[in-house]
Amino acid sequence: MFFHGTSKVNNQNHLEIGGVDTIELTKKYGTPLYVYDVALIRQRARQFKETFAEEGVEAQVAYASKAFSSLAMFQLVNEEGLSLDVVSAGELYTALLAGFPKERIHFHGNNKSYEELEYAIKEKIGCIVVDNFHEIALLEELSKKHSWKVPVLLRVTPGIEAHTHDYILTGQEDSKFGFDLKNGQGDKAVAHAFHSPYLDLLGIHCHIGSQIFEVTGFVMATRKLFEKIASWKDELSFVPRVLNLGGGFGIRYTSEDTPLPPSQYVREMVKEIKSQAEKLTIDIPEIWIEPGRSLVGDAGTTLYTVGSRKHIPNVRDYVAVDGGMSDNIRPALYEAKYEAALANRMNAPHEEKVSIAGKCCESGDMLLWDIELPKVESSDILAVFCTGAYGYAMASNYNRMLKPAVVFVENGEAQLVIKRETFEDLVRNEVGLKSKV
C-alpha cells in the first residue's frame with residue numbers, strides 16, 4: 001500500500017490521516033466523507049514557493065480553485081501565501097467571503113459574463129485572464145464605466161499537446177480556450193490590448209493540459225511563447241512583465257503514475273525562461289503557475305460504508321458502497337483509476353478481487369474495477385485515495401443523493417469544514433406547483 005502524506009496504519013489496524021483515526025471520523029460525521037490531509041497541502045504549497053525563492057525569481061503560485069473550493073480551502077491557501085485562480089462569480093464570491101486578498105485573485109474563464117466581469121472590476125481584483133475578443137470589448141466598456149484600467153493577461157494556445165487524457169488537453173491549436181498563436185489571433189490580441197487605454201497588459205498566459213508527468217511540454221511551450229515575445233518586442237516594443245505557464249502538474253493515483261516533485265517542474269521552467277530572456281536581452285518576467293490537483297488531489301481520501309454485494313460466477317464480484325458518481329464523477333467521465341483499502345482492517349491479507357459499485361441508478365456508476373482487498377463485509381469502511389481534486393468540486397445531487405461532508409485533519413485534530421447536506425437542503429430553492437383546483 002502506498003501511503004500519501006501523513007497517512008498510516010495505527011495500532012487499531014485502522015487508517016489514520018493527520019493523526020486522526022478515520023473510523024472515528026466515520027462514526028462522528030458519517031459516510032461518504034471527504035477527508036483532507038492539511039499537512040500535505042501545506043507541504044506541496046511550500047515546495048512550489050520555496051523552489052522559486054531558491055531560484056531567485058519573482059513568482060506567484062496561484063491555487064487553481066476549480067480542483068476544490070470552499071471557505072476553509074481558500075483560508076488555508078491564504079495562510080500559505082498563495083494567490084488564487086477563480087473561474088466564476090461563485091468562486092470569486094467565496095474567495096472574498098473567506099477574506100482572500102483581492103490583489104492576489106486571478107479571474108479565468110472562456111465565457112465570463114458582463115455581470116461577472118463587472119463584479120471583478122468593482123472589487124479591483126489582481127488580474128483578469130482574457131480569453132477572447134468578445135471579452136476584450138466587454139472589459140473596455142467596463143473600464144470606461146468604472147474609470148479603472150484593468151490589469152490583464154492574455155491567454156494564448158501555443159499549439160503544444162501534453163501527454164494526458166484527450167478530454168483535458170487545453171493547449172493545442174484546436175481548443176475552446178484562448179487566442180491561437182498560429183493563425184494570428186494572438187498577435188492581433190496583443191497589439192490591441194497593448195495599445196488600449198483601458199487595459200493594462202501585464203503579460204501572457206498558457207495552459208497545456210492536466211496530469212502531466214514530464215517537463216518537455218512546459219519547455220516547448222515556453223520556447224513557442226518566446227518566439228512570439230521576440231516579434232512583439234521588435235514590432236510593438238511590448239515585453240511581458242508576467243509569464244503564466246498554467247498548471248497541470250501530475251499526481252500519483254496508482255502505481256502507473258510517475259509524477260515529478262514540484263521542485264523539478266519549477267526548476268526546469270525557470271531554467272528555460274532565464275535562458276530565453278537572456279537571448280532576448282530582456283528582464284526575466286515574473287513567473288506565475290497554477291497548481292490545483294497537485295496541491296489537493298492526493299491530500300484527499302473518500303470514506304464509504306460497504307453495503308450489498310453481487311456474485312456473478314466466472315465473471316466478477318460487485319461490492320456496493322453508499323456513494324459513487326454523485327461524489328466522484330471522474331471514473332465515469334474520464335475512466336479515472338484509483339487505489340483503495342479497507343480503512344477498518346488495513347493489515348488484513350488480501351483474499352479476493354472485487355469491483356466497487358456506486359449506488360446511483362446508472363450501470364456506469366463504478367468507482368474501481370477488479371481490485372484486491374481482504375474479504376469485504378457489509379459495514380466495512382472503504383477508503384478511496386487521491387480524491388481531493390474534482391471530487392467535491394464536481395459532486396451532484398443525481399438521484400437526490402446528498403453531498404458528503406468535508407473534514408480537514410491536521411496534528412491529531414479534525415475540523416468539519418463543509419456540513420453534510422440534508423433533505424431540507426435538497427428542496428430549499430424549489431417552489432411547488434400552484435394548484436388549479
# chains A, B, ... in the order shown; residues from 1 in each chain; ligands from 1
>>> select_by_dssp(residues="segment 33-142 of chain A", states="strand (DSSP E or B)", output="list in words")
Leu33, Tyr34, Val35, Tyr36, Asp37, Ala59, Gln60, Val61, Ala62, Tyr63, Ala64, Ser83, Leu84, Asp85, Val86, Ile105, His106, Phe107, Cys127, Ile128, Val129 and Val130 of chain A
>>> residues_around(residues="segment 371-374 of chain A", least_positions_apart="5", cutoff="9 Å", atoms="only C-alpha atoms", output="PyMOL selection string")
chain A and resi 339-342+345-356
>>> write_last_selection(atoms="all heavy atoms", output="compact mmCIF listing (two decimals), in the first residue's frame")
# COMPACT_ATOMS: atom_id res chain seq x y z
N GLU A 339 -6.70 3.81 -6.16
CA GLU A 339 -6.38 2.71 -5.26
C GLU A 339 -7.26 2.83 -4.03
O GLU A 339 -7.74 3.92 -3.70
CB GLU A 339 -4.90 2.74 -4.87
CG GLU A 339 -3.99 2.45 -6.04
CD GLU A 339 -2.50 2.51 -5.72
OE1 GLU A 339 -2.15 3.15 -4.69
OE2 GLU A 339 -1.71 1.93 -6.48
N ALA A 340 -7.48 1.70 -3.34
CA ALA A 340 -8.39 1.70 -2.20
C ALA A 340 -7.94 0.67 -1.17
O ALA A 340 -7.12 -0.22 -1.46
CB ALA A 340 -9.81 1.42 -2.64
N ALA A 341 -8.50 0.79 0.03
CA ALA A 341 -8.20 -0.15 1.12
C ALA A 341 -9.38 -0.18 2.07
O ALA A 341 -10.23 0.72 2.06
CB ALA A 341 -6.93 0.27 1.86
N LEU A 342 -9.45 -1.22 2.88
CA LEU A 342 -10.45 -1.25 3.96
C LEU A 342 -9.87 -0.52 5.15
O LEU A 342 -8.93 -1.00 5.79
CB LEU A 342 -10.80 -2.69 4.32
CG LEU A 342 -11.53 -3.50 3.25
CD1 LEU A 342 -11.93 -4.87 3.78
CD2 LEU A 342 -12.77 -2.76 2.74
N ARG A 345 -9.63 -2.41 8.46
CA ARG A 345 -8.81 -3.64 8.52
C ARG A 345 -7.63 -3.49 7.57
O ARG A 345 -7.48 -4.25 6.61
CB ARG A 345 -9.67 -4.86 8.16
CG ARG A 345 -10.74 -5.20 9.18
CD ARG A 345 -11.41 -6.53 8.91
NE ARG A 345 -12.39 -6.45 7.83
CZ ARG A 345 -12.43 -7.26 6.80
NH1 ARG A 345 -11.52 -8.21 6.64
NH2 ARG A 345 -13.38 -7.14 5.89
N MET A 346 -6.78 -2.53 7.87
CA MET A 346 -5.73 -2.16 6.93
C MET A 346 -4.70 -3.27 6.71
O MET A 346 -4.17 -3.40 5.61
CB MET A 346 -5.02 -0.89 7.42
CG MET A 346 -5.85 0.37 7.29
SD MET A 346 -6.18 0.82 5.56
CE MET A 346 -4.55 1.32 5.01
N ASN A 347 -4.40 -4.04 7.73
CA ASN A 347 -3.35 -5.06 7.60
C ASN A 347 -3.88 -6.45 7.31
O ASN A 347 -3.11 -7.42 7.26
CB ASN A 347 -2.49 -5.10 8.87
CG ASN A 347 -1.55 -3.91 8.96
OD1 ASN A 347 -1.09 -3.40 7.93
ND2 ASN A 347 -1.26 -3.46 10.17
N ALA A 348 -5.18 -6.57 7.11
CA ALA A 348 -5.75 -7.88 6.81
C ALA A 348 -5.25 -8.33 5.43
O ALA A 348 -5.10 -7.52 4.52
CB ALA A 348 -7.27 -7.82 6.83
N PRO A 349 -4.98 -9.62 5.28
CA PRO A 349 -4.46 -10.10 3.98
C PRO A 349 -5.53 -9.99 2.89
O PRO A 349 -6.73 -10.14 3.14
CB PRO A 349 -4.12 -11.57 4.27
CG PRO A 349 -4.98 -11.94 5.44
CD PRO A 349 -5.10 -10.70 6.28
N HIS A 350 -5.08 -9.74 1.68
CA HIS A 350 -6.00 -9.69 0.55
C HIS A 350 -6.45 -11.10 0.19
O HIS A 350 -5.62 -12.00 0.01
CB HIS A 350 -5.31 -9.03 -0.65
CG HIS A 350 -5.08 -7.56 -0.47
ND1 HIS A 350 -4.46 -6.77 -1.40
CD2 HIS A 350 -5.40 -6.73 0.56
CE1 HIS A 350 -4.41 -5.51 -0.98
NE2 HIS A 350 -4.96 -5.47 0.22
N GLU A 351 -7.76 -11.26 0.09
CA GLU A 351 -8.31 -12.59 -0.16
C GLU A 351 -9.17 -12.67 -1.41
O GLU A 351 -9.52 -13.77 -1.85
CB GLU A 351 -9.15 -13.05 1.04
CG GLU A 351 -8.37 -13.16 2.34
CD GLU A 351 -9.27 -13.60 3.49
OE1 GLU A 351 -10.17 -14.43 3.24
OE2 GLU A 351 -9.08 -13.12 4.61
N GLU A 352 -9.56 -11.51 -1.97
CA GLU A 352 -10.47 -11.57 -3.11
C GLU A 352 -10.28 -10.37 -4.03
O GLU A 352 -9.71 -9.35 -3.64
CB GLU A 352 -11.92 -11.64 -2.64
CG GLU A 352 -12.38 -10.44 -1.84
CD GLU A 352 -13.86 -10.53 -1.47
OE1 GLU A 352 -14.55 -11.47 -1.92
OE2 GLU A 352 -14.33 -9.65 -0.72
N LYS A 353 -10.76 -10.54 -5.25
CA LYS A 353 -10.77 -9.46 -6.22
C LYS A 353 -12.21 -9.04 -6.43
O LYS A 353 -13.07 -9.87 -6.75
CB LYS A 353 -10.14 -9.91 -7.53
CG LYS A 353 -10.08 -8.81 -8.60
CD LYS A 353 -9.49 -9.32 -9.90
CE LYS A 353 -8.00 -9.59 -9.74
NZ LYS A 353 -7.38 -9.98 -11.06
N VAL A 354 -12.49 -7.74 -6.25
CA VAL A 354 -13.85 -7.24 -6.37
C VAL A 354 -13.86 -5.95 -7.18
O VAL A 354 -12.81 -5.30 -7.37
CB VAL A 354 -14.49 -6.97 -4.99
CG1 VAL A 354 -14.60 -8.26 -4.18
CG2 VAL A 354 -13.71 -5.91 -4.21
N SER A 355 -15.05 -5.57 -7.64
CA SER A 355 -15.24 -4.28 -8.29
C SER A 355 -16.19 -3.46 -7.45
O SER A 355 -17.21 -3.98 -6.97
CB SER A 355 -15.81 -4.47 -9.70
OG SER A 355 -14.86 -5.12 -10.53
N ILE A 356 -15.85 -2.19 -7.26
CA ILE A 356 -16.61 -1.33 -6.35
C ILE A 356 -17.64 -0.53 -7.14
O ILE A 356 -17.29 0.28 -8.01
CB ILE A 356 -15.68 -0.38 -5.58
CG1 ILE A 356 -14.58 -1.17 -4.87
CG2 ILE A 356 -16.49 0.46 -4.59
CD1 ILE A 356 -15.08 -2.19 -3.86
>>> closest_residue(among="A:His192, A:Lys49, A:Arg42, A:Lys102", to="Val77 of chain A", atoms="only C-alpha atoms")
A:Arg42
>>> residues_around(residues="Val86 of chain A", least_positions_apart="4", cutoff="12 Å", atoms="only C-alpha atoms", output="short mmCIF file (atom, residue, chain, number, x, y, z; two decimals) with C-alpha atoms, in the first residue's frame")
data_model
loop_
_atom_site.label_atom_id
_atom_site.label_comp_id
_atom_site.auth_asym_id
_atom_site.auth_seq_id
_atom_site.Cartn_x
_atom_site.Cartn_y
_atom_site.Cartn_z
CA ALA A 62 -1.91 30.57 -7.64
CA TYR A 63 -4.12 27.75 -6.41
CA ALA A 64 -6.47 26.63 -9.20
CA SER A 65 -9.61 26.60 -7.13
CA LYS A 66 -11.68 24.58 -9.60
CA ALA A 67 -10.00 21.49 -8.08
CA PHE A 68 -11.73 22.10 -4.74
CA SER A 69 -13.13 25.36 -3.49
CA SER A 70 -14.59 26.24 -0.11
CA PHE A 74 -9.36 29.49 0.46
CA GLY A 90 -19.34 31.94 -7.40
CA GLU A 91 -15.70 31.13 -6.78
CA LEU A 92 -14.90 34.84 -6.59
CA TYR A 93 -17.70 35.41 -4.08
CA THR A 94 -16.48 32.52 -1.93
CA ALA A 95 -12.91 33.84 -2.02
CA LEU A 96 -13.96 37.33 -0.96
CA PHE A 100 -8.83 36.37 0.48
CA LYS A 102 -8.25 40.84 -3.75
CA ARG A 104 -3.91 38.05 -5.36
CA ILE A 105 -7.03 36.84 -7.18
CA HIS A 106 -6.87 35.99 -10.91
CA PHE A 107 -10.13 35.52 -12.85
CA HIS A 108 -10.15 32.89 -15.63
CA GLY A 109 -12.81 31.51 -17.97
CA LYS A 112 -17.17 35.42 -18.48
CA GLU A 116 -19.08 38.61 -13.69
CA ALA A 120 -14.39 41.57 -10.58
CA ILE A 125 -9.05 42.08 -8.19
CA GLY A 126 -5.43 41.46 -9.16
CA CYS A 127 -5.83 40.27 -12.72
CA ILE A 128 -8.31 39.11 -15.34
CA VAL A 129 -7.07 36.44 -17.75
CA GLU A 290 -1.48 27.47 -11.22
CA GLY A 292 -4.68 22.72 -8.38
#
>>> closest_residue(among="A:Tyr36, A:Phe2, A:Tyr318, A:Tyr29", to="Glu421 of chain A", atoms="only C-alpha atoms")
A:Tyr29
>>> residues_around(residues="Thr22 of chain A", least_positions_apart="3", cutoff="9 Å", atoms="only C-alpha atoms", output="PyMOL selection string")
chain A and resi 14-17+25-27+35+303+343-344+383
>>> residues_around(residues="segment 148-162 of chain A", least_positions_apart="3", cutoff="7 Å", atoms="only C-alpha atoms", output="PyMOL selection string")
chain A and resi 126-131+143+169+171-173+178-181+186+198-206+208-209+212+217+221+224-225
>>> closest_residue(among="A:Ala59, A:Ala189, A:Leu33, A:Val38", to="Ala299 of chain A", atoms="only C-alpha atoms")
A:Val38
>>> closest_residue(among="A:Pro101, A:Gly246, A:Gly56, A:Gly324", to="Trp288 of chain A", atoms="only C-alpha atoms")
A:Gly246
>>> closest_residue(among="A:Glu335, A:Glu286, A:Glu413, A:Asp37", to="Arg241 of chain A", atoms="only C-alpha atoms")
A:Glu286
>>> closest_residue(among="A:Thr301, A:Asn13, A:Asn78, A:Asn314", to="Val61 of chain A", atoms="only C-alpha atoms")
A:Asn78
>>> select_by_dssp(residues="segment 15-255 of chain A", states="helix (DSSP H, G or I)", output="NGL selection string")
:A and (22-29 or 38-55 or 65-67 or 71-79 or 89-97 or 102-104 or 114-123 or 133-146 or 166-168 or 185-195 or 216-236)
>>> residues_around(residues="Ala357 of chain A", least_positions_apart="4", cutoff="9 Å", atoms="only C-alpha atoms", output="NGL selection string")
:A and (309 or 318-321 or 323-324 or 363-369)
